[in-house]
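Here is my_file18.pdb, consisting of PDB, C-alpha atoms:
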```
ATOM      1  CA  MET A 155     -21.482  13.035  -2.494  1.00  0.00           C
ATOM      2  CA  SER A 156     -19.642  14.124   0.654  1.00  0.00           C
ATOM      3  CA  TYR A 157     -16.002  13.287   1.327  1.00  0.00           C
ATOM      4  CA  GLU A 158     -13.743  13.253   4.359  1.00  0.00           C
ATOM      5  CA  THR A 159     -10.341  13.929   2.785  1.00  0.00           C
ATOM      6  CA  ILE A 160     -11.126  15.783  -0.452  1.00  0.00           C
ATOM      7  CA  LYS A 161     -13.422  18.601  -1.571  1.00  0.00           C
ATOM      8  CA  LEU A 162     -15.165  18.849  -4.934  1.00  0.00           C
ATOM      9  CA  GLU A 163     -16.747  22.009  -6.330  1.00  0.00           C
ATOM     10  CA  VAL A 164     -18.496  22.182  -9.711  1.00  0.00           C
ATOM     11  CA  ALA A 165     -19.437  25.422 -11.491  1.00  0.00           C
ATOM     12  CA  ASP A 166     -19.473  26.792 -15.038  1.00  0.00           C
ATOM     13  CA  ARG A 167     -18.138  23.738 -16.884  1.00  0.00           C
ATOM     14  CA  LYS A 168     -15.256  23.439 -14.396  1.00  0.00           C
ATOM     15  CA  ALA A 169     -14.741  21.154 -11.412  1.00  0.00           C
ATOM     16  CA  THR A 170     -12.151  21.848  -8.716  1.00  0.00           C
ATOM     17  CA  LEU A 171     -10.924  18.992  -6.559  1.00  0.00           C
ATOM     18  CA  SER A 172      -8.937  19.892  -3.451  1.00  0.00           C
ATOM     19  CA  LEU A 173      -6.821  17.395  -1.541  1.00  0.00           C
ATOM     20  CA  ASN A 174      -7.915  18.206   1.992  1.00  0.00           C
ATOM     21  CA  ARG A 175      -5.560  16.808   4.636  1.00  0.00           C
ATOM     22  CA  PRO A 176      -3.516  19.991   5.204  1.00  0.00           C
ATOM     23  CA  HIS A 177      -2.513  18.882   8.711  1.00  0.00           C
ATOM     24  CA  ALA A 178      -0.723  15.917   7.075  1.00  0.00           C
ATOM     25  CA  MET A 179       0.623  17.833   4.037  1.00  0.00           C
ATOM     26  CA  ASN A 180      -2.146  16.178   2.007  1.00  0.00           C
ATOM     27  CA  ALA A 181      -0.424  12.815   2.352  1.00  0.00           C
ATOM     28  CA  MET A 182      -2.614  10.118   0.855  1.00  0.00           C
ATOM     29  CA  ASP A 183      -3.966   7.620   3.366  1.00  0.00           C
ATOM     30  CA  PHE A 184      -6.289   4.712   2.516  1.00  0.00           C
ATOM     31  CA  THR A 185      -9.360   6.924   2.860  1.00  0.00           C
ATOM     32  CA  MET A 186      -8.085   9.590   0.455  1.00  0.00           C
ATOM     33  CA  MET A 187      -7.076   6.983  -2.118  1.00  0.00           C
ATOM     34  CA  ARG A 188     -10.541   5.421  -1.986  1.00  0.00           C
ATOM     35  CA  GLU A 189     -12.306   8.792  -2.118  1.00  0.00           C
ATOM     36  CA  LEU A 190     -10.222   9.923  -5.086  1.00  0.00           C
ATOM     37  CA  ALA A 191     -11.100   6.718  -6.960  1.00  0.00           C
ATOM     38  CA  ASP A 192     -14.799   7.170  -6.138  1.00  0.00           C
ATOM     39  CA  CYS A 193     -14.719  10.845  -7.132  1.00  0.00           C
ATOM     40  CA  PHE A 194     -12.965  10.294 -10.465  1.00  0.00           C
ATOM     41  CA  GLU A 195     -15.355   7.484 -11.347  1.00  0.00           C
ATOM     42  CA  SER A 196     -18.367   9.662 -10.504  1.00  0.00           C
ATOM     43  CA  LEU A 197     -16.999  12.535 -12.604  1.00  0.00           C
ATOM     44  CA  HIS A 198     -17.348  10.343 -15.694  1.00  0.00           C
ATOM     45  CA  SER A 199     -21.089  10.994 -15.387  1.00  0.00           C
ATOM     46  CA  GLU A 200     -20.728  14.789 -15.190  1.00  0.00           C
ATOM     47  CA  LYS A 201     -21.474  15.553 -18.828  1.00  0.00           C
ATOM     48  CA  ASP A 202     -21.360  19.339 -18.387  1.00  0.00           C
ATOM     49  CA  VAL A 203     -17.879  19.404 -16.819  1.00  0.00           C
ATOM     50  CA  GLN A 204     -15.118  20.005 -19.367  1.00  0.00           C
ATOM     51  CA  ILE A 205     -12.196  20.931 -17.089  1.00  0.00           C
ATOM     52  CA  LEU A 206     -11.015  19.467 -13.795  1.00  0.00           C
ATOM     53  CA  VAL A 207      -8.450  21.320 -11.663  1.00  0.00           C
ATOM     54  CA  ILE A 208      -6.689  19.428  -8.872  1.00  0.00           C
ATOM     55  CA  LYS A 209      -4.967  21.331  -6.094  1.00  0.00           C
ATOM     56  CA  GLY A 210      -3.947  20.940  -2.468  1.00  0.00           C
ATOM     57  CA  GLU A 211      -5.259  22.731   0.605  1.00  0.00           C
ATOM     58  CA  GLY A 212      -2.720  24.347   2.917  1.00  0.00           C
ATOM     59  CA  LYS A 213       0.993  24.649   2.241  1.00  0.00           C
ATOM     60  CA  VAL A 214       1.523  21.872  -0.324  1.00  0.00           C
ATOM     61  CA  PHE A 215      -0.048  19.965  -3.206  1.00  0.00           C
ATOM     62  CA  SER A 216       0.695  16.525  -1.713  1.00  0.00           C
ATOM     63  CA  ALA A 217       3.635  14.977   0.121  1.00  0.00           C
ATOM     64  CA  GLY A 218       2.713  11.586  -1.386  1.00  0.00           C
ATOM     65  CA  GLY A 219       1.657   8.403   0.384  1.00  0.00           C
ATOM     66  CA  ASP A 220       1.188   8.560   4.154  1.00  0.00           C
ATOM     67  CA  VAL A 221       4.533   7.178   5.389  1.00  0.00           C
ATOM     68  CA  LYS A 222       3.483   7.197   9.050  1.00  0.00           C
ATOM     69  CA  MET A 223       0.568   4.974   8.059  1.00  0.00           C
ATOM     70  CA  MET A 224       3.073   2.545   6.503  1.00  0.00           C
ATOM     71  CA  VAL A 225       5.094   2.460   9.716  1.00  0.00           C
ATOM     72  CA  SER A 226       2.064   1.709  11.859  1.00  0.00           C
ATOM     73  CA  SER A 227       0.892  -1.148   9.615  1.00  0.00           C
ATOM     74  CA  GLU A 228       3.055  -4.229   9.154  1.00  0.00           C
ATOM     75  CA  ASP A 229       0.083  -6.310   8.004  1.00  0.00           C
ATOM     76  CA  PHE A 230       0.413  -6.954   4.257  1.00  0.00           C
ATOM     77  CA  SER A 231      -2.861  -8.870   3.925  1.00  0.00           C
ATOM     78  CA  ASP A 232      -4.765  -5.790   2.739  1.00  0.00           C
ATOM     79  CA  PHE A 233      -1.976  -4.375   0.566  1.00  0.00           C
ATOM     80  CA  GLY A 234      -3.455  -5.938  -2.554  1.00  0.00           C
ATOM     81  CA  SER A 235      -6.683  -4.036  -2.005  1.00  0.00           C
ATOM     82  CA  ILE A 236      -4.727  -0.812  -1.530  1.00  0.00           C
ATOM     83  CA  MET A 237      -2.962  -1.296  -4.860  1.00  0.00           C
ATOM     84  CA  GLY A 238      -6.327  -2.183  -6.398  1.00  0.00           C
ATOM     85  CA  THR A 239      -7.710   1.137  -5.203  1.00  0.00           C
ATOM     86  CA  ILE A 240      -4.729   2.988  -6.677  1.00  0.00           C
ATOM     87  CA  THR A 241      -5.375   1.200  -9.986  1.00  0.00           C
ATOM     88  CA  ARG A 242      -9.023   2.321  -9.909  1.00  0.00           C
ATOM     89  CA  LEU A 243      -7.944   5.872  -9.117  1.00  0.00           C
ATOM     90  CA  VAL A 244      -5.419   6.090 -11.956  1.00  0.00           C
ATOM     91  CA  LYS A 245      -7.566   4.489 -14.656  1.00  0.00           C
ATOM     92  CA  ALA A 246     -10.569   6.663 -13.786  1.00  0.00           C
ATOM     93  CA  TYR A 247      -8.415   9.802 -13.829  1.00  0.00           C
ATOM     94  CA  TYR A 248      -6.558   8.962 -17.057  1.00  0.00           C
ATOM     95  CA  THR A 249      -9.794   8.255 -18.935  1.00  0.00           C
ATOM     96  CA  LEU A 250     -11.758  11.293 -17.719  1.00  0.00           C
ATOM     97  CA  PRO A 251     -13.594  12.935 -20.661  1.00  0.00           C
ATOM     98  CA  MET A 252     -12.362  16.403 -19.683  1.00  0.00           C
ATOM     99  CA  ILE A 253      -9.139  18.405 -19.624  1.00  0.00           C
ATOM    100  CA  THR A 254      -7.316  17.871 -16.328  1.00  0.00           C
ATOM    101  CA  ILE A 255      -4.994  20.463 -14.773  1.00  0.00           C
ATOM    102  CA  ALA A 256      -2.704  19.985 -11.763  1.00  0.00           C
ATOM    103  CA  GLN A 257      -2.099  23.193  -9.781  1.00  0.00           C
ATOM    104  CA  ILE A 258       1.092  22.625  -7.767  1.00  0.00           C
ATOM    105  CA  HIS A 259       2.461  24.672  -4.913  1.00  0.00           C
ATOM    106  CA  GLY A 260       4.781  23.525  -2.158  1.00  0.00           C
ATOM    107  CA  ALA A 261       5.586  19.819  -2.445  1.00  0.00           C
ATOM    108  CA  ALA A 262       4.391  17.312  -5.031  1.00  0.00           C
ATOM    109  CA  ALA A 263       6.104  14.062  -4.181  1.00  0.00           C
ATOM    110  CA  GLY A 264       5.709  10.312  -4.555  1.00  0.00           C
ATOM    111  CA  LEU A 265       2.117   9.267  -5.162  1.00  0.00           C
ATOM    112  CA  GLY A 266       1.139  12.953  -5.144  1.00  0.00           C
ATOM    113  CA  LEU A 267       3.471  13.553  -8.086  1.00  0.00           C
ATOM    114  CA  SER A 268       2.151  10.457  -9.881  1.00  0.00           C
ATOM    115  CA  LEU A 269      -1.334  11.961  -9.650  1.00  0.00           C
ATOM    116  CA  ALA A 270      -0.130  15.339 -10.911  1.00  0.00           C
ATOM    117  CA  LEU A 271       1.767  13.726 -13.806  1.00  0.00           C
ATOM    118  CA  GLY A 272      -1.438  12.002 -14.870  1.00  0.00           C
ATOM    119  CA  SER A 273      -2.905  15.418 -15.649  1.00  0.00           C
ATOM    120  CA  ASP A 274      -3.101  16.841 -19.153  1.00  0.00           C
ATOM    121  CA  ILE A 275      -1.517  20.124 -18.045  1.00  0.00           C
ATOM    122  CA  ILE A 276       0.697  20.816 -15.017  1.00  0.00           C
ATOM    123  CA  VAL A 277       1.215  24.293 -13.575  1.00  0.00           C
ATOM    124  CA  ALA A 278       3.752  24.605 -10.749  1.00  0.00           C
ATOM    125  CA  GLU A 279       5.122  27.494  -8.739  1.00  0.00           C
ATOM    126  CA  GLN A 280       8.862  28.134  -8.954  1.00  0.00           C
ATOM    127  CA  PRO A 281       9.738  27.174  -5.332  1.00  0.00           C
ATOM    128  CA  SER A 282       7.790  23.902  -5.568  1.00  0.00           C
ATOM    129  CA  LYS A 283       9.569  20.716  -4.489  1.00  0.00           C
ATOM    130  CA  ILE A 284       8.806  18.139  -7.157  1.00  0.00           C
ATOM    131  CA  ALA A 285      10.141  14.637  -6.537  1.00  0.00           C
ATOM    132  CA  MET A 286       9.496  11.055  -7.590  1.00  0.00           C
ATOM    133  CA  ASN A 287      11.118   9.971  -4.338  1.00  0.00           C
ATOM    134  CA  PHE A 288       9.826   6.445  -3.674  1.00  0.00           C
ATOM    135  CA  ILE A 289      13.450   5.256  -3.811  1.00  0.00           C
ATOM    136  CA  GLY A 290      14.157   7.041  -0.523  1.00  0.00           C
ATOM    137  CA  ILE A 291      11.974   4.542   1.340  1.00  0.00           C
ATOM    138  CA  GLY A 292      12.969   1.499  -0.687  1.00  0.00           C
ATOM    139  CA  LEU A 293       9.917   1.426  -2.937  1.00  0.00           C
ATOM    140  CA  ILE A 294       9.142   1.770  -6.639  1.00  0.00           C
ATOM    141  CA  PRO A 295       6.760   4.412  -8.022  1.00  0.00           C
ATOM    142  CA  ASP A 296       3.084   3.528  -7.969  1.00  0.00           C
ATOM    143  CA  GLY A 297       0.020   5.401  -9.144  1.00  0.00           C
ATOM    144  CA  ALA A 298       1.365   4.703 -12.681  1.00  0.00           C
ATOM    145  CA  GLY A 299       4.420   6.819 -11.900  1.00  0.00           C
ATOM    146  CA  HIS A 300       6.482   4.655 -14.299  1.00  0.00           C
ATOM    147  CA  PHE A 301       3.935   5.190 -17.074  1.00  0.00           C
ATOM    148  CA  PHE A 302       3.635   8.955 -16.650  1.00  0.00           C
ATOM    149  CA  MET A 303       7.379   9.517 -16.231  1.00  0.00           C
ATOM    150  CA  LYS A 304       8.020   7.480 -19.390  1.00  0.00           C
ATOM    151  CA  GLU A 305       5.352   9.459 -21.285  1.00  0.00           C
ATOM    152  CA  ARG A 306       6.934  12.779 -20.385  1.00  0.00           C
ATOM    153  CA  LEU A 307      10.643  11.892 -20.310  1.00  0.00           C
ATOM    154  CA  GLY A 308      11.241   8.678 -22.260  1.00  0.00           C
ATOM    155  CA  THR A 309      12.423   5.391 -20.788  1.00  0.00           C
ATOM    156  CA  VAL A 310      16.098   6.191 -20.158  1.00  0.00           C
ATOM    157  CA  GLN A 311      15.569   9.532 -18.434  1.00  0.00           C
ATOM    158  CA  ALA A 312      12.571   8.190 -16.513  1.00  0.00           C
ATOM    159  CA  LYS A 313      14.668   5.352 -15.079  1.00  0.00           C
ATOM    160  CA  GLN A 314      17.472   7.672 -14.062  1.00  0.00           C
ATOM    161  CA  MET A 315      15.147  10.185 -12.422  1.00  0.00           C
ATOM    162  CA  ILE A 316      13.252   7.462 -10.536  1.00  0.00           C
ATOM    163  CA  TRP A 317      16.512   5.908  -9.319  1.00  0.00           C
ATOM    164  CA  GLU A 318      17.928   9.275  -8.244  1.00  0.00           C
ATOM    165  CA  GLY A 319      14.810  10.531  -6.442  1.00  0.00           C
ATOM    166  CA  LYS A 320      16.060  14.120  -6.704  1.00  0.00           C
ATOM    167  CA  VAL A 321      13.931  17.113  -5.710  1.00  0.00           C
ATOM    168  CA  HIS A 322      13.365  19.701  -8.482  1.00  0.00           C
ATOM    169  CA  ASN A 323      12.010  23.218  -8.334  1.00  0.00           C
ATOM    170  CA  GLY A 324       9.603  24.606 -10.924  1.00  0.00           C
ATOM    171  CA  GLU A 325      12.287  25.900 -13.264  1.00  0.00           C
ATOM    172  CA  GLU A 326      14.179  22.599 -13.240  1.00  0.00           C
ATOM    173  CA  ALA A 327      11.000  20.566 -13.675  1.00  0.00           C
ATOM    174  CA  LEU A 328       9.992  22.687 -16.682  1.00  0.00           C
ATOM    175  CA  ALA A 329      13.407  22.268 -18.307  1.00  0.00           C
ATOM    176  CA  LEU A 330      13.179  18.495 -17.840  1.00  0.00           C
ATOM    177  CA  GLY A 331       9.650  18.331 -19.276  1.00  0.00           C
ATOM    178  CA  LEU A 332       8.023  17.195 -16.034  1.00  0.00           C
ATOM    179  CA  ILE A 333       5.647  20.182 -15.972  1.00  0.00           C
ATOM    180  CA  ASP A 334       4.157  22.517 -18.571  1.00  0.00           C
ATOM    181  CA  HIS A 335       4.130  25.920 -16.850  1.00  0.00           C
ATOM    182  CA  ASN A 336       6.490  27.354 -14.215  1.00  0.00           C
ATOM    183  CA  VAL A 337       5.013  30.421 -12.489  1.00  0.00           C
ATOM    184  CA  ALA A 338       6.062  32.706  -9.664  1.00  0.00           C
ATOM    185  CA  GLU A 339       5.373  31.834  -6.046  1.00  0.00           C
ATOM    186  CA  GLY A 340       1.806  32.522  -4.972  1.00  0.00           C
ATOM    187  CA  ILE A 341       0.253  32.905  -8.426  1.00  0.00           C
ATOM    188  CA  ALA A 342      -0.502  29.318  -9.471  1.00  0.00           C
ATOM    189  CA  ALA A 343      -4.217  29.843  -8.825  1.00  0.00           C
ATOM    190  CA  VAL A 344      -4.264  32.996 -10.980  1.00  0.00           C
ATOM    191  CA  ALA A 345      -2.307  31.303 -13.756  1.00  0.00           C
ATOM    192  CA  VAL A 346      -4.650  28.297 -13.727  1.00  0.00           C
ATOM    193  CA  ASP A 347      -7.739  30.547 -13.797  1.00  0.00           C
ATOM    194  CA  GLN A 348      -6.339  32.283 -16.881  1.00  0.00           C
ATOM    195  CA  LEU A 349      -5.601  28.938 -18.508  1.00  0.00           C
ATOM    196  CA  VAL A 350      -9.104  27.667 -17.736  1.00  0.00           C
ATOM    197  CA  GLY A 351     -10.599  30.793 -19.312  1.00  0.00           C
ATOM    198  CA  LYS A 352      -8.535  30.277 -22.443  1.00  0.00           C
ATOM    199  CA  LEU A 353      -9.506  26.604 -22.683  1.00  0.00           C
ATOM    200  CA  LEU A 354     -13.212  27.266 -22.180  1.00  0.00           C
ATOM    201  CA  ALA A 355     -13.046  29.840 -24.985  1.00  0.00           C
ATOM    202  CA  SER A 356     -11.487  27.223 -27.291  1.00  0.00           C
ATOM    203  CA  PRO A 357     -13.157  24.392 -29.256  1.00  0.00           C
ATOM    204  CA  ILE A 358     -12.710  22.236 -26.167  1.00  0.00           C
ATOM    205  CA  LEU A 359     -14.865  19.354 -27.411  1.00  0.00           C
ATOM    206  CA  ALA A 360     -12.300  18.750 -30.158  1.00  0.00           C
ATOM    207  CA  MET A 361      -9.505  18.871 -27.579  1.00  0.00           C
ATOM    208  CA  ILE A 362     -11.261  16.317 -25.369  1.00  0.00           C
ATOM    209  CA  GLU A 363     -11.821  14.053 -28.380  1.00  0.00           C
ATOM    210  CA  THR A 364      -8.095  14.176 -29.194  1.00  0.00           C
ATOM    211  CA  LYS A 365      -7.338  13.223 -25.597  1.00  0.00           C
ATOM    212  CA  LYS A 366      -9.743  10.291 -25.843  1.00  0.00           C
ATOM    213  CA  VAL A 367      -8.120   8.965 -29.045  1.00  0.00           C
ATOM    214  CA  LEU A 368      -4.566   9.170 -27.661  1.00  0.00           C
ATOM    215  CA  HIS A 369      -5.358   7.871 -24.181  1.00  0.00           C
ATOM    216  CA  GLN A 370      -7.398   4.926 -25.462  1.00  0.00           C
ATOM    217  CA  ALA A 371      -4.397   3.913 -27.574  1.00  0.00           C
ATOM    218  CA  ASN A 372      -2.200   3.898 -24.442  1.00  0.00           C
ATOM    219  CA  LEU A 373      -4.657   2.196 -22.102  1.00  0.00           C
ATOM    220  CA  SER A 374      -3.313  -1.352 -22.495  1.00  0.00           C
ATOM    221  CA  GLU A 375       0.217  -0.181 -21.596  1.00  0.00           C
ATOM    222  CA  LEU A 376      -1.129   1.758 -18.608  1.00  0.00           C
ATOM    223  CA  GLU A 377      -2.930  -1.359 -17.348  1.00  0.00           C
ATOM    224  CA  PHE A 378       0.212  -3.471 -17.843  1.00  0.00           C
ATOM    225  CA  ILE A 379       2.334  -1.016 -15.859  1.00  0.00           C
ATOM    226  CA  LEU A 380      -0.242  -0.725 -13.076  1.00  0.00           C
ATOM    227  CA  GLN A 381      -0.206  -4.518 -12.744  1.00  0.00           C
ATOM    228  CA  GLY A 382       3.599  -4.531 -12.648  1.00  0.00           C
ATOM    229  CA  GLU A 383       3.641  -1.773 -10.034  1.00  0.00           C
ATOM    230  CA  ALA A 384       1.174  -3.656  -7.848  1.00  0.00           C
ATOM    231  CA  GLN A 385       3.269  -6.814  -7.970  1.00  0.00           C
ATOM    232  CA  GLY A 386       6.576  -4.996  -7.552  1.00  0.00           C
ATOM    233  CA  GLN A 387       5.385  -2.759  -4.727  1.00  0.00           C
ATOM    234  CA  THR A 388       4.053  -5.765  -2.816  1.00  0.00           C
ATOM    235  CA  LYS A 389       7.528  -7.329  -3.006  1.00  0.00           C
ATOM    236  CA  MET A 390       9.281  -4.085  -2.050  1.00  0.00           C
ATOM    237  CA  ARG A 391       7.017  -3.569   0.970  1.00  0.00           C
ATOM    238  CA  GLN A 392       8.416  -6.776   2.456  1.00  0.00           C
ATOM    239  CA  THR A 393      12.108  -5.894   2.061  1.00  0.00           C
ATOM    240  CA  GLU A 394      14.452  -4.887   4.864  1.00  0.00           C
ATOM    241  CA  ASP A 395      15.415  -1.791   2.861  1.00  0.00           C
ATOM    242  CA  HIS A 396      11.826  -0.532   2.854  1.00  0.00           C
ATOM    243  CA  LEU A 397      11.432  -1.036   6.582  1.00  0.00           C
ATOM    244  CA  GLU A 398      14.700   0.819   7.169  1.00  0.00           C
ATOM    245  CA  GLY A 399      13.646   3.584   4.762  1.00  0.00           C
ATOM    246  CA  ILE A 400      10.351   4.386   6.480  1.00  0.00           C
ATOM    247  CA  LYS A 401      11.877   4.167   9.948  1.00  0.00           C
ATOM    248  CA  ALA A 402      14.672   6.534   8.922  1.00  0.00           C
ATOM    249  CA  PHE A 403      12.095   8.908   7.400  1.00  0.00           C
ATOM    250  CA  VAL A 404      10.081   9.082  10.612  1.00  0.00           C
ATOM    251  CA  GLU A 405      13.227   9.349  12.758  1.00  0.00           C
ATOM    252  CA  LYS A 406      14.639  12.060  10.445  1.00  0.00           C
ATOM    253  CA  ARG A 407      17.952  10.298   9.795  1.00  0.00           C
ATOM    254  CA  THR A 408      19.861   8.942   6.792  1.00  0.00           C
ATOM    255  CA  PRO A 409      18.791   5.364   5.956  1.00  0.00           C
ATOM    256  CA  MET A 410      21.309   2.528   5.854  1.00  0.00           C
ATOM    257  CA  PHE A 411      20.259   0.335   2.927  1.00  0.00           C
ATOM    258  CA  LEU A 412      21.687  -3.196   2.591  1.00  0.00           C
ATOM    259  CA  GLY A 413      20.117  -4.365  -0.685  1.00  0.00           C
ATOM    260  CA  LYS A 414      17.908  -6.848   1.160  1.00  0.00           C
TER
END
```
Have the structure of the file written as C-alpha cells, please.
Amino acid sequence: MSYETIKLEVADRKATLSLNRPHAMNAMDFTMMRELADCFESLHSEKDVQILVIKGEGKVFSAGGDVKMMVSSEDFSDFGSIMGTITRLVKAYYTLPMITIAQIHGAAAGLGLSLALGSDIIVAEQPSKIAMNFIGIGLIPDGAGHFFMKERLGTVQAKQMIWEGKVHNGEEALALGLIDHNVAEGIAAVAVDQLVGKLLASPILAMIETKKVLHQANLSELEFILQGEAQGQTKMRQTEDHLEGIKAFVEKRTPMFLGK
C-alpha cells in the first residue's frame, strides 16, 4: 500500500513508520490521520511483525494537528468524520499485536504527543520539546490524550499538565513519567535500534501476550474517553476562545481568551 504522508518499511520482524510531512513539521492533516488509521489497521494482518517503531522525518517527530488547516476551515459539518478517523487511528494503534516504540526528536506536541504516548515504549532526545498543548488554542486533548496521560501520570497530575500545556525537555519528561528513555541529542535512532535488538532477542511473544491482556482490560475506558473527546472537541471547536487561539498561533502573538 502506498501513502502520501507516511512511509512504512518492514524487515526482519520490525516495521518502521515515518511521519512524512517534514515541510509542515509532520503536522497531522486529514490525509495523514486517515493514512495512519489505514496503516495501523493493515498492520494487524502482518503476523511476522513483532515491533513497530514510529518516528518523524526531518527536524521533528510531530508538531501535532495542522493548525493552519483549522484556520482555513470554518465548516464543522465534517468534523465528526475527522474525530471518527482519530478514533479509528487510536484503537487500531492501541490494540496492535506488537511492541510499539515512539522515537522522538525535536517536537512532539498535541496530537503528535497523543500518538507517541499510545506507544508501549517512548524514547526521546534530551532537547526534545514535549507538550500536551491543546489548551493554547482553546481545545482539549484528542487522540486519547486524556487516556494516555492518565495511564502514565494519574488523574490529578494529568489534569494539571493538560491545563498548563507546558513544554518539557527529555529530562523533565522522564522525571514526570511521560517517557521511558531520555537520550542525548542525535542518538535516538541508535538507542532505538539497540532496544529493538534487545527485544527481538527476548521471549517477545510472551511480552505481546501481556500487552494484549492489559490493553483488552482497558479498552472499554479507552472507547469511553474517545467518545468524550469527540463530543468535547466538537464543542470547543465552536468557541470564541478556540478561534482566537488559532488566529493568535498563526499571527505569532499572545491569545486573549475570554472564556467564551
Which residues are close to Gly264 in chain A, i.e. within 9 Å by all atoms listed in the file, leaving aside same-chain residues fewer than 6 positions away? Reply as a tab-separated table (two decimals) with C-alpha atoms, in the frame of the given file.
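That gives us selection-v8.tsv:
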```tsv
chain	number	residue	atom	x	y	z
A	216	SER	CA	0.70	16.52	-1.71
A	217	ALA	CA	3.64	14.98	0.12
A	218	GLY	CA	2.71	11.59	-1.39
A	219	GLY	CA	1.66	8.40	0.38
A	284	ILE	CA	8.81	18.14	-7.16
A	285	ALA	CA	10.14	14.64	-6.54
A	286	MET	CA	9.50	11.06	-7.59
A	287	ASN	CA	11.12	9.97	-4.34
A	288	PHE	CA	9.83	6.44	-3.67
A	295	PRO	CA	6.76	4.41	-8.02
A	296	ASP	CA	3.08	3.53	-7.97
A	297	GLY	CA	0.02	5.40	-9.14
A	299	GLY	CA	4.42	6.82	-11.90
```
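Reported to one decimal place, the separation of CA of Asp202 in chain A from CA of Arg167 in chain A is 5.7 Å.
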* Could you spell out the hits of the PyMOL selection byres ((chain A and resi 300-313) around 10) on the shown file, as an MDAnalysis selection string? -> chainID A and resid 267:273 286 294:299 314:318 330:333 372 375:380 382:383
* What lies within 10 Å of Leu171 in chain A using only C-alpha atoms, ignoring chain neighbours under 4 positions off, as a count of residues only? -> 15
* A:Met390, A:Val277, A:Ala342, A:Met252: which is nearest Lys366 in chain A, counting only C-alpha atoms? -> A:Met252
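When the PyMOL selection byres ((chain A and resi 350) around 10) is run on the displayed coordinates, the residues it returns are Arg167, Lys168, Gln204, Ile205, Leu206, Val207, Ile253, Ile255, Val344, Ala345, Val346, Asp347, Gln348, Leu349, Gly351, Lys352, Leu353, Leu354, Ala355 and Ser356 of chain A.
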Residue selection dump (C-alpha atoms) as a PDB file, in the coordinates of the input:
```
ATOM      1  CA  ARG A 167     -18.138  23.738 -16.884  1.00  0.00           C
ATOM      2  CA  LYS A 168     -15.256  23.439 -14.396  1.00  0.00           C
ATOM      3  CA  GLN A 204     -15.118  20.005 -19.367  1.00  0.00           C
ATOM      4  CA  ILE A 205     -12.196  20.931 -17.089  1.00  0.00           C
ATOM      5  CA  LEU A 206     -11.015  19.467 -13.795  1.00  0.00           C
ATOM      6  CA  VAL A 207      -8.450  21.320 -11.663  1.00  0.00           C
ATOM      7  CA  ILE A 253      -9.139  18.405 -19.624  1.00  0.00           C
ATOM      8  CA  ILE A 255      -4.994  20.463 -14.773  1.00  0.00           C
ATOM      9  CA  VAL A 344      -4.264  32.996 -10.980  1.00  0.00           C
ATOM     10  CA  ALA A 345      -2.307  31.303 -13.756  1.00  0.00           C
ATOM     11  CA  VAL A 346      -4.650  28.297 -13.727  1.00  0.00           C
ATOM     12  CA  ASP A 347      -7.739  30.547 -13.797  1.00  0.00           C
ATOM     13  CA  GLN A 348      -6.339  32.283 -16.881  1.00  0.00           C
ATOM     14  CA  LEU A 349      -5.601  28.938 -18.508  1.00  0.00           C
ATOM     15  CA  GLY A 351     -10.599  30.793 -19.312  1.00  0.00           C
ATOM     16  CA  LYS A 352      -8.535  30.277 -22.443  1.00  0.00           C
ATOM     17  CA  LEU A 353      -9.506  26.604 -22.683  1.00  0.00           C
ATOM     18  CA  LEU A 354     -13.212  27.266 -22.180  1.00  0.00           C
ATOM     19  CA  ALA A 355     -13.046  29.840 -24.985  1.00  0.00           C
ATOM     20  CA  SER A 356     -11.487  27.223 -27.291  1.00  0.00           C
TER      21      SER A 356
END
```
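Separating CA of Ala181 in chain A from CA of His198 in chain A is a distance of 24.9 Å.
Across the model, the gap from CA of Val367 in chain A to CA of Gly266 in chain A is 25.9 Å.
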* Show which residues sit within 7 Å of range 258-260 of chain A, as a PyMOL selection string. Count only C-alpha atoms, and ignore same-chain residues fewer than 6 positions away. => chain A and resi 209+213-215+277-279+281-283
* To do: List, as a ChimeraX atom specification, every residue that the PyMOL selection byres ((chain A and resi 412) around 8) selects in the file provided.
  => /A:394-395,410-411,413-414
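Each of A:Met186, A:Met155, A:Val203, A:Leu265 was compared to Ile358 in chain A using all atoms listed in the file, and A:Val203 turns out to be the nearest.
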Where's the centre, and what are the edge lengths in Å to one decimal, of a box along x, y and z enclosing all listed atoms of range 315-330 of chain A padded 6 Å per side, as lines of an AutoDock Vina configuration file?
```
center_x = 13.8
center_y = 15.9
center_z = -12.0
size_x = 20.3
size_y = 32.0
size_z = 24.6
```
* Structure fact -> Using only C-alpha atoms, the shortest atom-to-atom distance to Ser172 in chain A among A:Gly212, A:Gly292, A:Glu325, A:Glu195 belongs to A:Gly212
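Closest approach to His369 in chain A from the set A:Gly290, A:Gly324, A:Pro251, A:Gly340 is made by A:Pro251, with distances taken over all atoms listed in the file.
Closest approach to Leu173 in chain A among A:Thr185, A:Ser199, A:Asn336, A:Thr408 is made by A:Thr185 (distances from only C-alpha atoms).
Between Ala165 in chain A and the residues A:Lys389, A:Glu200, A:Ala262, A:Asn180, the shortest atom-to-atom distance, using all atoms listed in the file, involves A:Glu200.
With only C-alpha atoms taken into account, every residue lying no more than 12 Å from the file point (11.3, 6.3, 9.5) is included here: Asp220, Val221, Lys222, Met223, Met224, Val225, Ser226, Gly290, Ile291, Gly292, Asp395, His396, Leu397, Glu398, Gly399, Ile400, Lys401, Ala402, Phe403, Val404, Glu405, Lys406, Arg407, Thr408, Pro409 and Met410 of chain A.
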